[in-house]
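Engineer: So that you have it, the file is input-v5.pdb, and it contains PDB, C-alpha atoms:
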ATOM      1  CA  MET A   2     216.622 -53.655-163.094  1.00  0.00           C
ATOM      2  CA  LEU A   3     214.608 -50.483-163.553  1.00  0.00           C
ATOM      3  CA  LEU A   4     211.240 -51.032-165.166  1.00  0.00           C
ATOM      4  CA  GLY A   5     211.203 -47.509-166.558  1.00  0.00           C
ATOM      5  CA  LYS A   6     214.548 -47.999-168.313  1.00  0.00           C
ATOM      6  CA  ALA A   7     213.681 -51.107-170.353  1.00  0.00           C
ATOM      7  CA  LYS A   8     214.017 -50.771-174.129  1.00  0.00           C
ATOM      8  CA  ILE A   9     210.866 -52.443-175.382  1.00  0.00           C
ATOM      9  CA  ALA A  10     212.404 -53.041-178.829  1.00  0.00           C
ATOM     10  CA  GLU A  11     215.016 -55.279-177.169  1.00  0.00           C
ATOM     11  CA  VAL A  12     212.655 -57.398-175.044  1.00  0.00           C
ATOM     12  CA  VAL A  13     213.106 -61.143-175.656  1.00  0.00           C
ATOM     13  CA  ILE A  14     210.117 -63.395-175.019  1.00  0.00           C
ATOM     14  CA  SER A  15     211.142 -66.820-173.744  1.00  0.00           C
ATOM     15  CA  ASN A  16     207.873 -68.699-173.212  1.00  0.00           C
ATOM     16  CA  VAL A  17     207.078 -69.214-176.912  1.00  0.00           C
ATOM     17  CA  GLU A  18     207.799 -72.384-178.887  1.00  0.00           C
ATOM     18  CA  VAL A  19     209.933 -71.682-181.966  1.00  0.00           C
ATOM     19  CA  PRO A  20     210.016 -73.908-185.077  1.00  0.00           C
ATOM     20  CA  LYS A  21     213.326 -75.710-185.639  1.00  0.00           C
ATOM     21  CA  MET A  22     213.501 -74.968-189.377  1.00  0.00           C
ATOM     22  CA  ALA A  23     211.965 -72.320-191.627  1.00  0.00           C
ATOM     23  CA  ILE A  24     211.323 -72.172-195.351  1.00  0.00           C
ATOM     24  CA  ILE A  25     211.683 -68.587-196.552  1.00  0.00           C
ATOM     25  CA  GLN A  26     208.757 -67.318-198.654  1.00  0.00           C
ATOM     26  CA  SER A  27     209.630 -63.635-199.216  1.00  0.00           C
ATOM     27  CA  VAL A  28     212.576 -61.301-198.558  1.00  0.00           C
ATOM     28  CA  ASN A  29     212.973 -57.527-198.221  1.00  0.00           C
ATOM     29  CA  LYS A  30     216.212 -55.681-197.439  1.00  0.00           C
ATOM     30  CA  SER A  31     215.917 -52.530-195.293  1.00  0.00           C
ATOM     31  CA  PRO A  32     218.526 -49.742-195.500  1.00  0.00           C
ATOM     32  CA  ARG A  33     220.105 -47.900-192.612  1.00  0.00           C
ATOM     33  CA  TYR A  34     218.886 -44.339-192.033  1.00  0.00           C
ATOM     34  CA  SER A  35     220.811 -41.154-191.279  1.00  0.00           C
ATOM     35  CA  GLU A  36     219.987 -38.955-188.290  1.00  0.00           C
ATOM     36  CA  GLU A  37     217.932 -36.792-190.671  1.00  0.00           C
ATOM     37  CA  GLY A  38     215.762 -39.822-191.522  1.00  0.00           C
ATOM     38  CA  GLU A  39     217.084 -40.341-195.051  1.00  0.00           C
ATOM     39  CA  ALA A  40     217.954 -43.828-196.335  1.00  0.00           C
ATOM     40  CA  ILE A  41     221.698 -44.393-196.709  1.00  0.00           C
ATOM     41  CA  GLN A  42     222.299 -45.671-200.268  1.00  0.00           C
ATOM     42  CA  GLY A  43     223.949 -49.101-200.448  1.00  0.00           C
ATOM     43  CA  SER A  44     223.469 -49.911-196.749  1.00  0.00           C
ATOM     44  CA  ILE A  45     221.552 -52.735-195.066  1.00  0.00           C
ATOM     45  CA  ALA A  46     220.179 -52.526-191.515  1.00  0.00           C
ATOM     46  CA  LYS A  47     218.256 -55.823-191.601  1.00  0.00           C
ATOM     47  CA  ILE A  48     216.682 -58.368-193.907  1.00  0.00           C
ATOM     48  CA  SER A  49     212.977 -58.939-193.279  1.00  0.00           C
ATOM     49  CA  CYS A  50     211.577 -62.305-194.338  1.00  0.00           C
ATOM     50  CA  GLN A  51     208.307 -64.177-194.191  1.00  0.00           C
ATOM     51  CA  PHE A  52     208.646 -67.907-193.467  1.00  0.00           C
ATOM     52  CA  VAL A  53     206.623 -71.049-192.932  1.00  0.00           C
ATOM     53  CA  ASP A  54     207.396 -73.864-190.490  1.00  0.00           C
ATOM     54  CA  ALA A  55     209.396 -76.359-192.593  1.00  0.00           C
ATOM     55  CA  GLU A  56     208.031 -79.453-190.811  1.00  0.00           C
ATOM     56  CA  LEU A  57     204.429 -78.351-191.295  1.00  0.00           C
ATOM     57  CA  ALA A  58     204.977 -77.437-194.966  1.00  0.00           C
ATOM     58  CA  LYS A  59     206.563 -80.848-195.664  1.00  0.00           C
ATOM     59  CA  LEU A  60     203.670 -82.679-193.975  1.00  0.00           C
ATOM     60  CA  ILE A  61     201.146 -80.749-196.050  1.00  0.00           C
ATOM     61  CA  GLN A  62     203.060 -81.453-199.269  1.00  0.00           C
ATOM     62  CA  LYS A  63     203.250 -85.195-198.436  1.00  0.00           C
ATOM     63  CA  SER A  64     199.477 -85.271-198.080  1.00  0.00           C
ATOM     64  CA  GLY A  65     199.171 -83.776-201.569  1.00  0.00           C
ATOM     65  CA  ALA A  66     197.758 -80.440-200.418  1.00  0.00           C
ATOM     66  CA  ASP A  67     199.015 -76.991-201.387  1.00  0.00           C
ATOM     67  CA  SER A  68     201.472 -75.655-198.805  1.00  0.00           C
ATOM     68  CA  SER A  69     201.284 -72.091-200.186  1.00  0.00           C
ATOM     69  CA  GLU A  70     198.244 -71.480-197.955  1.00  0.00           C
ATOM     70  CA  VAL A  71     200.217 -72.097-194.736  1.00  0.00           C
ATOM     71  CA  LYS A  72     200.413 -69.072-192.433  1.00  0.00           C
ATOM     72  CA  THR A  73     203.682 -67.158-192.707  1.00  0.00           C
ATOM     73  CA  TYR A  74     205.577 -65.596-189.822  1.00  0.00           C
ATOM     74  CA  PRO A  75     208.046 -62.685-189.719  1.00  0.00           C
ATOM     75  CA  LEU A  76     211.789 -63.283-189.399  1.00  0.00           C
ATOM     76  CA  GLU A  77     214.417 -60.541-189.244  1.00  0.00           C
ATOM     77  CA  LEU A  78     218.012 -61.314-190.113  1.00  0.00           C
ATOM     78  CA  VAL A  79     220.301 -58.884-188.316  1.00  0.00           C
ATOM     79  CA  GLY A  80     224.026 -58.645-187.672  1.00  0.00           C
ATOM     80  CA  ASN A  81     227.173 -57.178-189.131  1.00  0.00           C
ATOM     81  CA  GLU A  82     226.365 -55.129-192.242  1.00  0.00           C
ATOM     82  CA  GLN A  83     229.011 -56.978-194.283  1.00  0.00           C
ATOM     83  CA  ASP A  84     227.420 -60.319-193.375  1.00  0.00           C
ATOM     84  CA  LEU A  85     223.992 -58.989-194.401  1.00  0.00           C
ATOM     85  CA  MET A  86     225.340 -57.666-197.708  1.00  0.00           C
ATOM     86  CA  GLY A  87     226.693 -61.131-198.480  1.00  0.00           C
ATOM     87  CA  ILE A  88     223.182 -62.599-198.408  1.00  0.00           C
ATOM     88  CA  GLU A  89     221.439 -62.691-201.790  1.00  0.00           C
ATOM     89  CA  ALA A  90     217.669 -62.269-201.512  1.00  0.00           C
ATOM     90  CA  ASN A  91     217.023 -64.551-204.501  1.00  0.00           C
ATOM     91  CA  ASN A  92     219.060 -67.347-202.885  1.00  0.00           C
ATOM     92  CA  LEU A  93     217.083 -67.055-199.638  1.00  0.00           C
ATOM     93  CA  ILE A  94     213.631 -67.586-201.162  1.00  0.00           C
ATOM     94  CA  GLY A  95     212.695 -71.256-200.884  1.00  0.00           C
ATOM     95  CA  SER A  96     215.717 -72.098-198.731  1.00  0.00           C
ATOM     96  CA  GLU A  97     215.611 -73.727-195.310  1.00  0.00           C
ATOM     97  CA  ILE A  98     217.115 -71.895-192.331  1.00  0.00           C
ATOM     98  CA  LYS A  99     217.808 -73.309-188.868  1.00  0.00           C
ATOM     99  CA  LEU A 100     216.079 -71.245-186.190  1.00  0.00           C
ATOM    100  CA  ASP A 101     217.918 -72.703-183.167  1.00  0.00           C
ATOM    101  CA  ASP A 102     219.619 -69.405-182.268  1.00  0.00           C
ATOM    102  CA  SER A 103     216.657 -67.134-183.041  1.00  0.00           C
ATOM    103  CA  LYS A 104     214.942 -64.960-180.444  1.00  0.00           C
ATOM    104  CA  VAL A 105     211.242 -64.146-180.165  1.00  0.00           C
ATOM    105  CA  MET A 106     210.805 -60.380-179.882  1.00  0.00           C
ATOM    106  CA  LEU A 107     208.035 -57.813-180.075  1.00  0.00           C
ATOM    107  CA  LYS A 108     207.090 -56.544-183.536  1.00  0.00           C
ATOM    108  CA  TRP A 109     206.104 -52.966-184.285  1.00  0.00           C
ATOM    109  CA  GLU A 110     203.052 -52.865-186.537  1.00  0.00           C
ATOM    110  CA  GLN A 111     202.013 -49.686-188.288  1.00  0.00           C
ATOM    111  CA  GLY A 112     198.302 -48.955-188.303  1.00  0.00           C
ATOM    112  CA  ARG A 113     195.823 -46.224-189.175  1.00  0.00           C
ATOM    113  CA  ASN A 114     196.218 -44.572-185.782  1.00  0.00           C
ATOM    114  CA  GLY A 115     200.002 -44.672-185.712  1.00  0.00           C
ATOM    115  CA  GLY A 116     201.419 -47.983-184.639  1.00  0.00           C
ATOM    116  CA  GLY A 117     202.217 -50.178-181.710  1.00  0.00           C
ATOM    117  CA  TRP A 118     203.898 -53.305-180.405  1.00  0.00           C
ATOM    118  CA  ARG A 119     201.153 -55.651-181.597  1.00  0.00           C
ATOM    119  CA  GLY A 120     202.881 -58.782-182.788  1.00  0.00           C
ATOM    120  CA  LEU A 121     205.787 -61.159-182.429  1.00  0.00           C
ATOM    121  CA  LYS A 122     208.721 -61.816-184.744  1.00  0.00           C
ATOM    122  CA  LEU A 123     211.766 -64.045-184.791  1.00  0.00           C
ATOM    123  CA  VAL A 124     215.150 -62.331-184.905  1.00  0.00           C
ATOM    124  CA  LEU A 125     218.257 -64.220-186.018  1.00  0.00           C
ATOM    125  CA  ASN A 126     221.723 -62.681-185.785  1.00  0.00           C
ATOM    126  CA  VAL A 127     223.571 -64.064-188.827  1.00  0.00           C
ATOM    127  CA  SER A 128     226.915 -62.809-187.503  1.00  0.00           C
ATOM    128  CA  ASP A 129     226.629 -64.800-184.247  1.00  0.00           C
ATOM    129  CA  SER A 130     224.955 -67.961-185.489  1.00  0.00           C
ATOM    130  CA  ALA A 131     226.349 -71.079-187.124  1.00  0.00           C
ATOM    131  CA  ASN A 132     224.205 -70.211-190.157  1.00  0.00           C
ATOM    132  CA  GLY A 133     226.744 -67.565-191.154  1.00  0.00           C
ATOM    133  CA  GLY A 134     225.520 -65.732-194.211  1.00  0.00           C
ATOM    134  CA  GLU A 135     224.692 -68.869-196.144  1.00  0.00           C
ATOM    135  CA  GLY A 136     221.001 -69.061-195.305  1.00  0.00           C
ATOM    136  CA  LYS A 137     221.220 -72.800-194.581  1.00  0.00           C
TER     137      LYS A 137
END
Re-express the file's structure as structure tokens.
Structural biologist:
Amino acid sequence: MLLGKAKIAEVVISNVEVPKMAIIQSVNKSPRYSEEGEAIQGSIAKISCQFVDAELAKLIQKSGADSSEVKTYPLELVGNEQDLMGIEANNLIGSEIKLDDSKVMLKWEQGRNGGGWRGLKLVLNVSDSANGGEGK
């Protein structure tokens, strides 16, 4: 392994505990881009979601409190473009997704002075996982 050759966008972090189930709160589809930097119409590179830990949200709801104040976390759904196109954003919101096959990776965050690898995100390949494109 050469330290200088590592692709930081592909680094997987293994010493982080991942929730078993997620409840999706918001969804945004991102297009693929051409070499000139223009969005390719009708394409999907990934689906970015915000989720809450399903177990925690259910506990809060049982206690009678409002679970909408629970901290959300980023989740990216990646995979074959046809599998991503088969996922309806409206059907994802409020659904539960198993996170067993997800990976914790570094997240690029844009800031005033450019950006940097400042956070963590979960990445789930819908083409490889048992979730398929169903979202459940």
Engineer: Let me make sure I understand: among A:Gln42, A:Ser49, A:Ser15, A:Ser31, which one has the smallest atom-to-atom distance to Ile94 in chain A if we use all atoms listed in the file?
Structural biologist: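 Nearest candidate to Ile94 in chain A out of A:Gln42, A:Ser49, A:Ser15, A:Ser31: A:Ser49.
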Engineer: Check the smallest atom-to-atom distance from each of A:Val28, A:Ile45, A:Val19, A:Val13 to Gly95 in chain A using all atoms listed in the file, then report the winner.
Structural biologist: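 Counting all atoms listed in the file, the residue closest to Gly95 in chain A is A:Val28.
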Engineer: In Å, rounded to a single decimal, give me how far CA of Glu39 in chain A is from CA of Tyr74 in chain A.
Structural biologist: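 Here the two named atoms are 28.2 Å from each other.
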Engineer: For the atom pair CA of Asp54 in chain A and CA of Leu78 in chain A, what is the interatomic distance in Å to one decimal place?
Structural biologist: 16.4 Å
Engineer: Find the residue from A:Met106, A:Val79, A:Leu57, A:Ile24 that sits nearest to Asn92 in chain A; use all atoms listed in the file when measuring.
Structural biologist: A:Ile24
Engineer: Counting all atoms listed in the file, which residues come within 10 Å of (208.8, -58.2, -178.6), with the point read in the file's coordinates, and could you list them as JSON, numbers by chain?
Structural biologist: {"A": [9, 10, 11, 12, 13, 14, 104, 105, 106, 107, 108, 109, 118, 119, 120, 121, 122, 123, 124]}
Engineer: Could you state which residues are captured by the PyMOL selection byres ((chain A and resi 125) around 12) in this file, as a PyMOL selection string?
Structural biologist: chain A and resi 13+19+23+47-50+75-81+85+98-106+122-124+126-134+136
